[in-house]
Every structure is written in C-alpha cells, then in structure tokens.
Amino acid sequence: MTVQDLWLLSPEIAMAGVAIAIVFADFFVSNKRLLTYAAALLLIIPLLFSLNLWFDVVGDTQAATGLFGSIVADRFALFFHFLLLGITAAVITASVQYVERLKEFEGEFLALVLFSVTGMLLLVSSRELISIYVALELTALPAAALAAFRRDSLSIEAGLKFIILSAVASAFLLYGIVFIYGYTGTTDLGIILTRLGDLPTDPDVPFGSYAVLFSVVMIVAGFAFKMAIVPWQMWVPDVYQGSPTPVAAFLSTASKASAFAVVIRIMYTAFGSDALSEDWSGLFATLAVASMVFGNLLALGQSDIKRLLGYSTIAQAGYMLIGVAAVAANTDSGDPIAGPQGTMYYLAGYAFTNLAVFFAIIAISNRTGSNAINSLNGLGKRSPLLAVLLTVGVISLLGIPPTVGFMSKAVVFSAAINSGLLWLAVVGVVNTVISAFYYLRIIRAIYFEEPEDDSKITADAPVIFATAVAVAGIALFGAVPWLILRLAEKSLDLLAV
C-alpha cells in the first residue's frame with residue numbers, strides 16, 4: 001500500500017479512527033451526552049479529508065485509483081461521502097437522549113454506527129466487485145447488531161431477520177460476481193465493460209448472453225436487499241418496527257443511499273453500453289413499478305407509524321428506481337446523466353425528509369412511549385412545534401410543493417419522460433395519489449383527532465435541533481433544487497456514463 005493509497009482512503013481511515021476513539025473514550029467519559037456530542041463533532045475529520053479530495057488540494061486524486069485499481073476517489077463517491085456524513089451527524093445528534101438510556105452500552109452503540117458508515121464510505125468508493133462485497137459486509141454486520149440493540153423480543157427478531165436475509169442477499173451477490181468473473185475473467189468494473197464489448201453476443205437473449213443475464217440479476221438481487229425494493233423488501237417493516245427508532249432512521253437513509261450509489265456505479269461502469277443499458281433499464285423499470293405498488297398498498301392498512309414508514313420507504317425506493325431506469329439509450333435524449341442525476345437528488349432530498357419524520361417520531365415516542373399512529377392525535381395542541389416539523393416532513397414524503405419531495409418526484413418523472421418512459425412516469429404519479437391516503441391520515445391525526453391525554457409534549461433540545469435542520473433542508477432544497485442538482489452533475493462528470 002502506497003502513500004497515495006492511504007490518501008485516497010483517508011476519509012474511510014479517519015472514520016474508522018473516530019469509531020475506535022469513541023470506544024476508548026467510553027472507558028473514561030462518565031457523561032455519555034458529551035460522548036455523543038464528541039462522536040458527532042469528530043465527523044468533521046473525515047469531512048475535511050473528503051473536501052480535500054473533492055477540491056484536490058493535496059495529492060493527485062481526481063484521476064487516480066488506489067489499492068491496485070479497486071478504490072477510486074472520484075466526485076461521484078465524494079458526493080455520497082458528504083451525504084452519508086451528514087446523515088450520520090444528524091442521527092447521532094438526534095440519538096442523544098436514547099444513548100443516555102442504554103446503561104453501559106453507549107460507546108458500543110455509537111461505535112457500531114460509525115463502523116457501519118465506514119463500510120458505506122468504502123462501498124461507494126469501490127470499483128472492483130470483490131472490494132464491493134467486502135465493503136458491503138462491513139456495512140451489514142454492525143447494522144444487524146444495531147437493529148437488535150434494544151434486546152427485547154421485537155428488537156432481537158429484527159436483528160435476526162436482518163442478519164439472515166442479509167446473508168442470503170450476500171450469497172446472491174457472490175453468485176453474480178462468480179458468473180461475471182467466469183465470463184469475462186475480471187472483477188474490475190471498467191475492464192468488464194471492455195471485455196463484454198469484445199465477446200460475441202446473441203441478439204435474441206437479454207444482455208446478449210445468459211451468463212451476463214444471470215450475473216446482472218444476481219448482483220441486483222444482492223443490493224436490492226439494501227435498497228428495500230420488491231421482492232427483497234420483506235425485512236423492512238419488521239426491522240423498522242423492532243429496531244431502535246434512531247437505527248430505523250439510519251437504515252432508511254444511509255443504507256439506502258450507499259446501495260443506490262454502488263448500483264449506479266456498477267450499471268453505468270460495467271454494463272454501460274447502449275445495448276446493455278436498454279436491457280437493465282427494463283429490469284429496473286419493472287422493479288420500480290412493483291416497489292411503488294407494493295409499498296403504497298401495504299402502507300394503507302398500517303396502525304404503527306414505524307411500520308407505515310417501512311412500507312413508505314419501499315415505495316420511495318420505487319420512485320428512485322425511475323431515475324435509474326431512465327437511461328439515454330432508450331431514446332434520442334441529449335442528456336445522458338438526467339436519470340442518475342435525478343436519483344442522486346432524490347436520495348439527498350429523501351434523506352432530509354425521512355430524517356425529519358423519524359426525528360419527530362423519536363421526540364414524540366420518548367414522551368408517549370408509543371409508536372401507534374393514534375398516539376399522534378391532537379399533537380397540534382400538545383406540541384405545536386413538533387406538529388409543524390412532522391407535518392412538513394410528511395407532506396414532503398407525499399410530494400406536495402414547494403418541498404424537496406415534490407421537486408424530487410418532478411425531476412425523476414421528467415427524466416423518465418425524456419428517456420421514453422412516459423408510462424413509468426404515469427405509474428409514479430398514480431402511486432403518489434395512492435400514497436396520499438396514508439400520509440394524510442397522519443396529518444388528520446395531528447390536527448383533527450382528539451387526544452386521550454391533553455398533557456404537553458416537550459422534546460430534548462438536540463432532537464429538536466436535528467429535526468429543525470432537516471426541515472430547513474426540505475424547504476431550502478425544494479426552493480432551490482439546482483444546489484444539489486449542480487453538485488450531482490459535477491459528480492457524474494467523472495462517472496462512466
């Protein structure tokens with residue numbers, strides 16, 4: 001390993017160092033609230049390293065790969081570095097009160113979050129299939145422990161389901177890697193594309209070969225678990241309900257963002273030719289429809305807010321897949337990056353939106369002890385501030401202007417139309433209308449239902465601050481979407497699209 005390799009890996013190394021520092025600090029710091037604040041503030045270190053790589057201040061980063069070509073510090077990876085670091089800082093800040101109740105396991109909780117993010121940072125920077133698999137496992141194992149962290153029956157069930165189904169997804173991914181390696185003789189994403197262009201193809205077979213077809217399906221299945229898309233979504237509602245609410249917020253945003261990032265990189269780098277992209281566009285369009293329909297219909301009958309958000313995240317993943325499916329090869333569109341750019345914007349907007357909702361739920365459930373939707377009854381009277389913050393998050397999930405949720409849907413639907421997938425955009429609009437039935441049910445409970453308990457609900461300052469920041473992001477990036485869209489465009493300049 002060279003000095004250049006270490007420099008390219010500096011954000012991941014710094015994140016791992018922060019996690020180890022928190023483990024050791026836990027032995028000496030008695031005030032665990034300070035430990036939580038320290039964990040959030042120390043994220044500045046990997047952020048500074050990521051900023052250095054983005055602006056190329058020290059070292060030759062933009063054209064370089066590390067670890068024998070398996071790692072790249074391009075701006076596509078760094079876009080997701082910034083997103084993942086922001087999500088992590090927000091989740092840790094909102095978890096202050098929860099961490100204080102863990103009794104002797106505060107440091108372990110924070111370290112597991114940080115180690116999982118270390119894997120995610122490595123995952124979005126990997127450009128070689130074996131490295132991608134190793135990074136995925138580093139991401140999944142701490143997440144499984146976090147899901148079971150409450151150690152009650154529901155939490156243990158959530159942890160077991162997560163680890164078992166994660167292992168199954170990893171097996172699918174390995175099968176896909178083995179087949180594409182056997183067919184092309186390499187696991188390097190860029191070389192795979194070159195080899196596929198040189199090998200003979202059968203025009204009557206999708207992807208030109210049954211081996212490539214099987215490999216793509218297995219690789220997509222392996223990551224679909226993390227993306228929470230149908231038919232690999234079965235873990236989501238139970239894990240969201242059983243795991244600690246901060247963990248559910250973390251899984252719904254950070255895990256999803258890293259999975260979408262690596263799938264976009266694999267598809268556009270290893271299978272990015274026009275002929276291949278037309279085939280996997282159809283695959284993702286089908287998965288998008290299935291995820292939107294399944295998630296929205298199953299959410300209609302939920303009475304637990306966390307289970308409802310679990311089904312909601314499945315539907316939201318379907319909307320994101322519309323951007324992945326919107327490839328320029330489907331039509332004569334002159335904008336080849338509109339689809340992935342829209343998905344990246346959607347992921348960033350969804351992070352602000354979902355975190356706002358989950359953080360508000362954390363604040364409310366800390367006082368009420370319940371995650372039932374009817375526990376929100378009369379929230380507008382019991383806590384006007386929390387009611388407003390939660391309402392903004394919910395209407396952004398629904399996609400009402402001028403929120404970032406509305407602009408996210410507008411961008412991906414527009415990309416689909418421009419790439420010749422008008423029917424997919426129509427399905428997305430119809431599903432948005434269906435989702436109104438359960439999102440507006442939350443609004444009705446907040447403002448139009450009478451509470452069983454009229455006592456005021458007060459929240460801890462850190463969770464209110466984190467929720468307010470997320471809501472500010474919803475408003476800001478809904479009003480000026482070009483801030484993130486331009487950042488995504490710059491990131492995709494260095495991606496093989």
# chains A, B, ... in the order shown; residues from 1 in each chain; ligands from 1
$ select_by_dssp --residues "region 287-363 of chain A" --states "helix (DSSP H, G or I)" --output "JSON, numbers by chain"
{"A": [287, 288, 289, 290, 291, 292, 293, 294, 295, 296, 297, 298, 299, 305, 306, 307, 308, 309, 310, 311, 312, 313, 314, 315, 316, 317, 318, 319, 320, 321, 322, 323, 324, 325, 328, 329, 330, 338, 339, 340, 341, 342, 343, 344, 345, 346, 347, 348, 349, 350, 351, 352, 353, 354, 355, 356, 357, 358, 359, 360, 361, 362, 363]}
$ residues_around --residues "Ser116 (chain A)" --least-positions-apart "5" --cutoff "10 Å" --atoms "only C-alpha atoms" --output "PDB file with C-alpha atoms, in the first residue's frame"
ATOM      1  CA  MET A  15     -13.983   7.387  10.098  1.00  0.00           C
ATOM      2  CA  ALA A  16     -12.613   4.103  11.438  1.00  0.00           C
ATOM      3  CA  ALA A  19     -15.066   4.868  15.834  1.00  0.00           C
ATOM      4  CA  ALA A 111     -19.090   2.829  17.511  1.00  0.00           C
ATOM      5  CA  LEU A 121     -17.875   5.129   2.584  1.00  0.00           C
ATOM      6  CA  ALA A 135     -17.361  -3.240   1.994  1.00  0.00           C
ATOM      7  CA  LEU A 136     -20.965  -4.441   1.921  1.00  0.00           C
ATOM      8  CA  GLU A 137     -20.268  -6.942   4.707  1.00  0.00           C
ATOM      9  CA  LEU A 138     -18.560  -4.265   6.808  1.00  0.00           C
ATOM     10  CA  THR A 139     -21.715  -2.224   6.387  1.00  0.00           C
ATOM     11  CA  ALA A 140     -24.202  -5.006   7.160  1.00  0.00           C
ATOM     12  CA  LEU A 141     -22.728  -6.647  10.271  1.00  0.00           C
ATOM     13  CA  PRO A 142     -22.754  -3.552  12.526  1.00  0.00           C
ATOM     14  CA  ALA A 143     -26.226  -2.665  11.186  1.00  0.00           C
ATOM     15  CA  ALA A 144     -27.556  -6.075  12.274  1.00  0.00           C
ATOM     16  CA  LEU A 146     -27.783  -2.082  15.884  1.00  0.00           C
ATOM     17  CA  ALA A 254     -27.710   5.944   4.848  1.00  0.00           C
ATOM     18  CA  SER A 255     -28.038   2.273   3.918  1.00  0.00           C
TER      19      SER A 255
END
$ residues_around --residues "Leu173 (chain A)" --least-positions-apart "2" --cutoff "9 Å" --atoms "only C-alpha atoms" --output "ChimeraX atom specification"
/A:133,168-171,175-178,215,218-223
$ atom_distance --atom1 "CA of Val357 (chain A)" --atom2 "CA of Leu308 (chain A)"
11.7 Å
$ atom_distance --atom1 "CA of Ile322 (chain A)" --atom2 "CA of Ala488 (chain A)"
16.7 Å
$ closest_residue --among "A:Leu78, A:Val91, A:Leu122, A:Leu355" --to "Leu492 (chain A)" --atoms "only C-alpha atoms"
A:Leu78
$ atom_distance --atom1 "CA of Ile442 (chain A)" --atom2 "CA of Ile457 (chain A)"
17.2 Å
$ residues_around --residues "region 433-439 of chain A" --least-positions-apart "2" --cutoff "8 Å" --atoms "only C-alpha atoms" --output "PyMOL selection string"
chain A and resi 296-297+299-300+394-395+397-398+429-431+441-443
$ write_last_selection --atoms "C-alpha atoms" --output "PDB file, in the first residue's frame"
ATOM      1  CA  ASN A 296     -48.120   2.045  -1.117  1.00  0.00           C
ATOM      2  CA  LEU A 297     -50.871  -0.573  -0.960  1.00  0.00           C
ATOM      3  CA  ALA A 299     -48.929   1.037   3.893  1.00  0.00           C
ATOM      4  CA  LEU A 300     -52.660   1.794   3.704  1.00  0.00           C
ATOM      5  CA  VAL A 394     -44.945  14.132   5.841  1.00  0.00           C
ATOM      6  CA  ILE A 395     -46.044  16.488   3.050  1.00  0.00           C
ATOM      7  CA  LEU A 397     -42.847  12.416   1.576  1.00  0.00           C
ATOM      8  CA  LEU A 398     -46.168  12.838  -0.218  1.00  0.00           C
ATOM      9  CA  VAL A 429     -47.985   9.813 -10.456  1.00  0.00           C
ATOM     10  CA  VAL A 430     -50.802   7.326  -9.802  1.00  0.00           C
ATOM     11  CA  ASN A 431     -48.884   5.828  -6.888  1.00  0.00           C
ATOM     12  CA  ARG A 441     -54.087  10.116   7.726  1.00  0.00           C
ATOM     13  CA  ILE A 442     -51.089  11.210   9.777  1.00  0.00           C
ATOM     14  CA  ILE A 443     -51.957  14.880   9.196  1.00  0.00           C
TER      15      ILE A 443
END
$ closest_atom_pairs --of "region 142-251 of chain A" --to "region 360-384 of chain A" --cutoff "10 Å" --atoms "only C-alpha atoms" --output "Markdown table"
| residue | atom | partner | partner_atom | distance |
| --- | --- | --- | --- | --- |
| A:Gln241 | CA | A:Asn371 | CA | 8.6 |
| A:Pro244 | CA | A:Ile362 | CA | 9.3 |
| A:Thr245 | CA | A:Ile362 | CA | 6.4 |
| A:Pro246 | CA | A:Ile362 | CA | 7.4 |
| A:Ala249 | CA | A:Ile362 | CA | 9.6 |
$ write_last_selection --atoms "N, CA and C atoms" --output "PDB file, in the first residue's frame"
ATOM      1  N   GLN A 241     -39.905  -1.617  12.747  1.00  0.00           N
ATOM      2  CA  GLN A 241     -40.734  -1.624  13.949  1.00  0.00           C
ATOM      3  C   GLN A 241     -39.944  -2.081  15.170  1.00  0.00           C
ATOM      4  N   PRO A 244     -34.388   0.123  17.358  1.00  0.00           N
ATOM      5  CA  PRO A 244     -34.496   1.476  17.927  1.00  0.00           C
ATOM      6  C   PRO A 244     -34.796   2.491  16.820  1.00  0.00           C
ATOM      7  N   THR A 245     -35.611   3.486  17.117  1.00  0.00           N
ATOM      8  CA  THR A 245     -36.021   4.445  16.094  1.00  0.00           C
ATOM      9  C   THR A 245     -34.840   5.167  15.441  1.00  0.00           C
ATOM     10  N   PRO A 246     -33.780   5.551  16.193  1.00  0.00           N
ATOM     11  CA  PRO A 246     -32.622   6.143  15.502  1.00  0.00           C
ATOM     12  C   PRO A 246     -31.984   5.193  14.496  1.00  0.00           C
ATOM     13  N   ALA A 249     -34.089   5.162  11.372  1.00  0.00           N
ATOM     14  CA  ALA A 249     -33.798   6.366  10.588  1.00  0.00           C
ATOM     15  C   ALA A 249     -32.489   6.212   9.829  1.00  0.00           C
TER      16      ALA A 249
END
$ residues_around --residues "Gly242 (chain A)" --least-positions-apart "4" --cutoff "6 Å" --atoms "only C-alpha atoms" --output "list of chain:residue names"
A:Leu154, A:Ser155, A:Ala158, A:Asp238
$ closest_atom_pairs --of "region 100-196 of chain A" --to "region 39-56 of chain A" --cutoff "12 Å" --atoms "only C-alpha atoms" --output "tab-separated table"
residue	atom	partner	partner_atom	distance
A:Glu106	CA	A:Ala39	CA	11.1
A:Gly107	CA	A:Ala39	CA	9.5
A:Glu108	CA	A:Ala39	CA	11.8
A:Phe109	CA	A:Ala39	CA	10.9
A:Leu110	CA	A:Ala39	CA	7.3
A:Ala111	CA	A:Ala39	CA	8.7
A:Leu112	CA	A:Ala39	CA	11.6
A:Val113	CA	A:Ala39	CA	10.0
A:Leu114	CA	A:Ala39	CA	8.5
A:Phe115	CA	A:Ala39	CA	12.0
A:Val117	CA	A:Leu43	CA	10.8
A:Thr118	CA	A:Pro46	CA	9.9
A:Leu121	CA	A:Pro46	CA	10.0
A:Ser125	CA	A:Ser50	CA	11.4
$ write_last_selection --atoms "C-alpha atoms" --output "tab-separated table (two decimals), in the first residue's frame"
chain	number	residue	atom	x	y	z
A	106	GLU	CA	-23.44	3.97	24.93
A	107	GLY	CA	-19.99	3.70	23.39
A	108	GLU	CA	-20.81	0.44	21.64
A	109	PHE	CA	-23.93	1.96	20.02
A	110	LEU	CA	-22.03	4.96	18.68
A	111	ALA	CA	-19.09	2.83	17.51
A	112	LEU	CA	-21.37	0.44	15.62
A	113	VAL	CA	-22.97	3.36	13.78
A	114	LEU	CA	-19.54	4.74	12.88
A	115	PHE	CA	-18.15	1.37	11.76
A	117	VAL	CA	-20.69	4.20	7.95
A	118	THR	CA	-17.04	3.33	7.40
A	121	LEU	CA	-17.87	5.13	2.58
A	125	SER	CA	-15.65	4.33	-3.45
$ decode --residues "region 360-400 of chain A" --atoms "N, CA and C atoms" --output "PDB file, in the first residue's frame"
ATOM      1  N   ALA A 360     -38.844  13.514  14.469  1.00  0.00           N
ATOM      2  CA  ALA A 360     -40.058  13.951  15.160  1.00  0.00           C
ATOM      3  C   ALA A 360     -40.702  12.787  15.906  1.00  0.00           C
ATOM      4  N   ILE A 361     -40.698  11.613  15.285  1.00  0.00           N
ATOM      5  CA  ILE A 361     -41.249  10.425  15.948  1.00  0.00           C
ATOM      6  C   ILE A 361     -40.439  10.074  17.184  1.00  0.00           C
ATOM      7  N   ILE A 362     -39.104  10.220  17.104  1.00  0.00           N
ATOM      8  CA  ILE A 362     -38.260   9.980  18.281  1.00  0.00           C
ATOM      9  C   ILE A 362     -38.675  10.895  19.425  1.00  0.00           C
ATOM     10  N   ALA A 363     -38.830  12.172  19.131  1.00  0.00           N
ATOM     11  CA  ALA A 363     -39.194  13.139  20.167  1.00  0.00           C
ATOM     12  C   ALA A 363     -40.553  12.818  20.780  1.00  0.00           C
ATOM     13  N   ILE A 364     -41.505  12.416  19.939  1.00  0.00           N
ATOM     14  CA  ILE A 364     -42.861  12.127  20.429  1.00  0.00           C
ATOM     15  C   ILE A 364     -42.903  10.825  21.209  1.00  0.00           C
ATOM     16  N   SER A 365     -42.289   9.771  20.665  1.00  0.00           N
ATOM     17  CA  SER A 365     -42.354   8.467  21.338  1.00  0.00           C
ATOM     18  C   SER A 365     -41.567   8.466  22.635  1.00  0.00           C
ATOM     19  N   ASN A 366     -40.542   9.322  22.762  1.00  0.00           N
ATOM     20  CA  ASN A 366     -39.820   9.427  24.030  1.00  0.00           C
ATOM     21  C   ASN A 366     -40.743   9.874  25.153  1.00  0.00           C
ATOM     22  N   ARG A 367     -41.796  10.642  24.812  1.00  0.00           N
ATOM     23  CA  ARG A 367     -42.731  11.142  25.819  1.00  0.00           C
ATOM     24  C   ARG A 367     -43.968  10.264  25.953  1.00  0.00           C
ATOM     25  N   THR A 368     -44.452   9.748  24.830  1.00  0.00           N
ATOM     26  CA  THR A 368     -45.700   8.972  24.876  1.00  0.00           C
ATOM     27  C   THR A 368     -45.454   7.484  25.091  1.00  0.00           C
ATOM     28  N   GLY A 369     -44.260   6.995  24.729  1.00  0.00           N
ATOM     29  CA  GLY A 369     -43.956   5.574  24.860  1.00  0.00           C
ATOM     30  C   GLY A 369     -44.672   4.712  23.844  1.00  0.00           C
ATOM     31  N   SER A 370     -45.197   5.317  22.783  1.00  0.00           N
ATOM     32  CA  SER A 370     -45.965   4.569  21.794  1.00  0.00           C
ATOM     33  C   SER A 370     -45.582   5.014  20.387  1.00  0.00           C
ATOM     34  N   ASN A 371     -45.621   4.044  19.453  1.00  0.00           N
ATOM     35  CA  ASN A 371     -45.401   4.350  18.043  1.00  0.00           C
ATOM     36  C   ASN A 371     -46.682   4.219  17.228  1.00  0.00           C
ATOM     37  N   ALA A 372     -47.815   4.075  17.907  1.00  0.00           N
ATOM     38  CA  ALA A 372     -49.087   3.962  17.199  1.00  0.00           C
ATOM     39  C   ALA A 372     -49.441   5.307  16.560  1.00  0.00           C
ATOM     40  N   ILE A 373     -50.080   5.234  15.407  1.00  0.00           N
ATOM     41  CA  ILE A 373     -50.471   6.471  14.727  1.00  0.00           C
ATOM     42  C   ILE A 373     -51.436   7.278  15.581  1.00  0.00           C
ATOM     43  N   ASN A 374     -52.314   6.594  16.336  1.00  0.00           N
ATOM     44  CA  ASN A 374     -53.265   7.344  17.165  1.00  0.00           C
ATOM     45  C   ASN A 374     -52.595   8.035  18.350  1.00  0.00           C
ATOM     46  N   SER A 375     -51.323   7.718  18.621  1.00  0.00           N
ATOM     47  CA  SER A 375     -50.603   8.458  19.668  1.00  0.00           C
ATOM     48  C   SER A 375     -50.269   9.876  19.199  1.00  0.00           C
ATOM     49  N   LEU A 376     -50.426  10.132  17.891  1.00  0.00           N
ATOM     50  CA  LEU A 376     -50.213  11.473  17.354  1.00  0.00           C
ATOM     51  C   LEU A 376     -51.464  12.333  17.457  1.00  0.00           C
ATOM     52  N   ASN A 377     -52.568  11.777  17.897  1.00  0.00           N
ATOM     53  CA  ASN A 377     -53.827  12.526  17.990  1.00  0.00           C
ATOM     54  C   ASN A 377     -53.652  13.800  18.812  1.00  0.00           C
ATOM     55  N   GLY A 378     -54.075  14.896  18.225  1.00  0.00           N
ATOM     56  CA  GLY A 378     -54.022  16.160  18.948  1.00  0.00           C
ATOM     57  C   GLY A 378     -52.640  16.738  19.125  1.00  0.00           C
ATOM     58  N   LEU A 379     -51.669  16.258  18.361  1.00  0.00           N
ATOM     59  CA  LEU A 379     -50.302  16.761  18.519  1.00  0.00           C
ATOM     60  C   LEU A 379     -50.225  18.255  18.249  1.00  0.00           C
ATOM     61  N   GLY A 380     -51.087  18.754  17.378  1.00  0.00           N
ATOM     62  CA  GLY A 380     -51.084  20.181  17.083  1.00  0.00           C
ATOM     63  C   GLY A 380     -51.359  21.028  18.310  1.00  0.00           C
ATOM     64  N   LYS A 381     -52.111  20.490  19.273  1.00  0.00           N
ATOM     65  CA  LYS A 381     -52.386  21.209  20.519  1.00  0.00           C
ATOM     66  C   LYS A 381     -51.342  20.898  21.581  1.00  0.00           C
ATOM     67  N   ARG A 382     -50.856  19.656  21.597  1.00  0.00           N
ATOM     68  CA  ARG A 382     -49.950  19.226  22.666  1.00  0.00           C
ATOM     69  C   ARG A 382     -48.527  19.721  22.443  1.00  0.00           C
ATOM     70  N   SER A 383     -48.130  19.860  21.163  1.00  0.00           N
ATOM     71  CA  SER A 383     -46.794  20.356  20.847  1.00  0.00           C
ATOM     72  C   SER A 383     -46.815  20.983  19.459  1.00  0.00           C
ATOM     73  N   PRO A 384     -47.206  22.240  19.356  1.00  0.00           N
ATOM     74  CA  PRO A 384     -47.325  22.887  18.047  1.00  0.00           C
ATOM     75  C   PRO A 384     -46.043  22.846  17.219  1.00  0.00           C
ATOM     76  N   LEU A 385     -44.886  22.984  17.859  1.00  0.00           N
ATOM     77  CA  LEU A 385     -43.623  22.981  17.118  1.00  0.00           C
ATOM     78  C   LEU A 385     -43.364  21.612  16.490  1.00  0.00           C
ATOM     79  N   LEU A 386     -43.481  20.557  17.283  1.00  0.00           N
ATOM     80  CA  LEU A 386     -43.282  19.219  16.745  1.00  0.00           C
ATOM     81  C   LEU A 386     -44.303  18.905  15.663  1.00  0.00           C
ATOM     82  N   ALA A 387     -45.523  19.378  15.852  1.00  0.00           N
ATOM     83  CA  ALA A 387     -46.577  19.137  14.859  1.00  0.00           C
ATOM     84  C   ALA A 387     -46.205  19.753  13.515  1.00  0.00           C
ATOM     85  N   VAL A 388     -45.697  20.980  13.536  1.00  0.00           N
ATOM     86  CA  VAL A 388     -45.313  21.644  12.291  1.00  0.00           C
ATOM     87  C   VAL A 388     -44.137  20.921  11.631  1.00  0.00           C
ATOM     88  N   LEU A 389     -43.138  20.551  12.428  1.00  0.00           N
ATOM     89  CA  LEU A 389     -41.967  19.872  11.875  1.00  0.00           C
ATOM     90  C   LEU A 389     -42.349  18.534  11.251  1.00  0.00           C
ATOM     91  N   LEU A 390     -43.177  17.761  11.961  1.00  0.00           N
ATOM     92  CA  LEU A 390     -43.609  16.475  11.437  1.00  0.00           C
ATOM     93  C   LEU A 390     -44.465  16.655  10.187  1.00  0.00           C
ATOM     94  N   THR A 391     -45.316  17.654  10.191  1.00  0.00           N
ATOM     95  CA  THR A 391     -46.191  17.906   9.038  1.00  0.00           C
ATOM     96  C   THR A 391     -45.376  18.216   7.787  1.00  0.00           C
ATOM     97  N   VAL A 392     -44.356  19.050   7.930  1.00  0.00           N
ATOM     98  CA  VAL A 392     -43.516  19.387   6.771  1.00  0.00           C
ATOM     99  C   VAL A 392     -42.852  18.119   6.220  1.00  0.00           C
ATOM    100  N   GLY A 393     -42.367  17.265   7.115  1.00  0.00           N
ATOM    101  CA  GLY A 393     -41.752  16.020   6.665  1.00  0.00           C
ATOM    102  C   GLY A 393     -42.729  15.128   5.931  1.00  0.00           C
ATOM    103  N   VAL A 394     -43.941  15.009   6.446  1.00  0.00           N
ATOM    104  CA  VAL A 394     -44.945  14.132   5.841  1.00  0.00           C
ATOM    105  C   VAL A 394     -45.378  14.659   4.473  1.00  0.00           C
ATOM    106  N   ILE A 395     -45.607  15.969   4.354  1.00  0.00           N
ATOM    107  CA  ILE A 395     -46.044  16.488   3.050  1.00  0.00           C
ATOM    108  C   ILE A 395     -44.907  16.417   2.019  1.00  0.00           C
ATOM    109  N   SER A 396     -43.665  16.412   2.494  1.00  0.00           N
ATOM    110  CA  SER A 396     -42.549  16.215   1.570  1.00  0.00           C
ATOM    111  C   SER A 396     -42.498  14.768   1.096  1.00  0.00           C
ATOM    112  N   LEU A 397     -42.755  13.811   1.990  1.00  0.00           N
ATOM    113  CA  LEU A 397     -42.847  12.416   1.576  1.00  0.00           C
ATOM    114  C   LEU A 397     -43.950  12.236   0.537  1.00  0.00           C
ATOM    115  N   LEU A 398     -45.055  12.927   0.726  1.00  0.00           N
ATOM    116  CA  LEU A 398     -46.168  12.838  -0.218  1.00  0.00           C
ATOM    117  C   LEU A 398     -45.817  13.497  -1.546  1.00  0.00           C
ATOM    118  N   GLY A 399     -45.036  14.574  -1.488  1.00  0.00           N
ATOM    119  CA  GLY A 399     -44.655  15.266  -2.716  1.00  0.00           C
ATOM    120  C   GLY A 399     -45.510  16.472  -3.024  1.00  0.00           C
ATOM    121  N   ILE A 400     -45.791  17.268  -1.992  1.00  0.00           N
ATOM    122  CA  ILE A 400     -46.565  18.495  -2.160  1.00  0.00           C
ATOM    123  C   ILE A 400     -45.605  19.675  -2.279  1.00  0.00           C
TER     124      ILE A 400
END
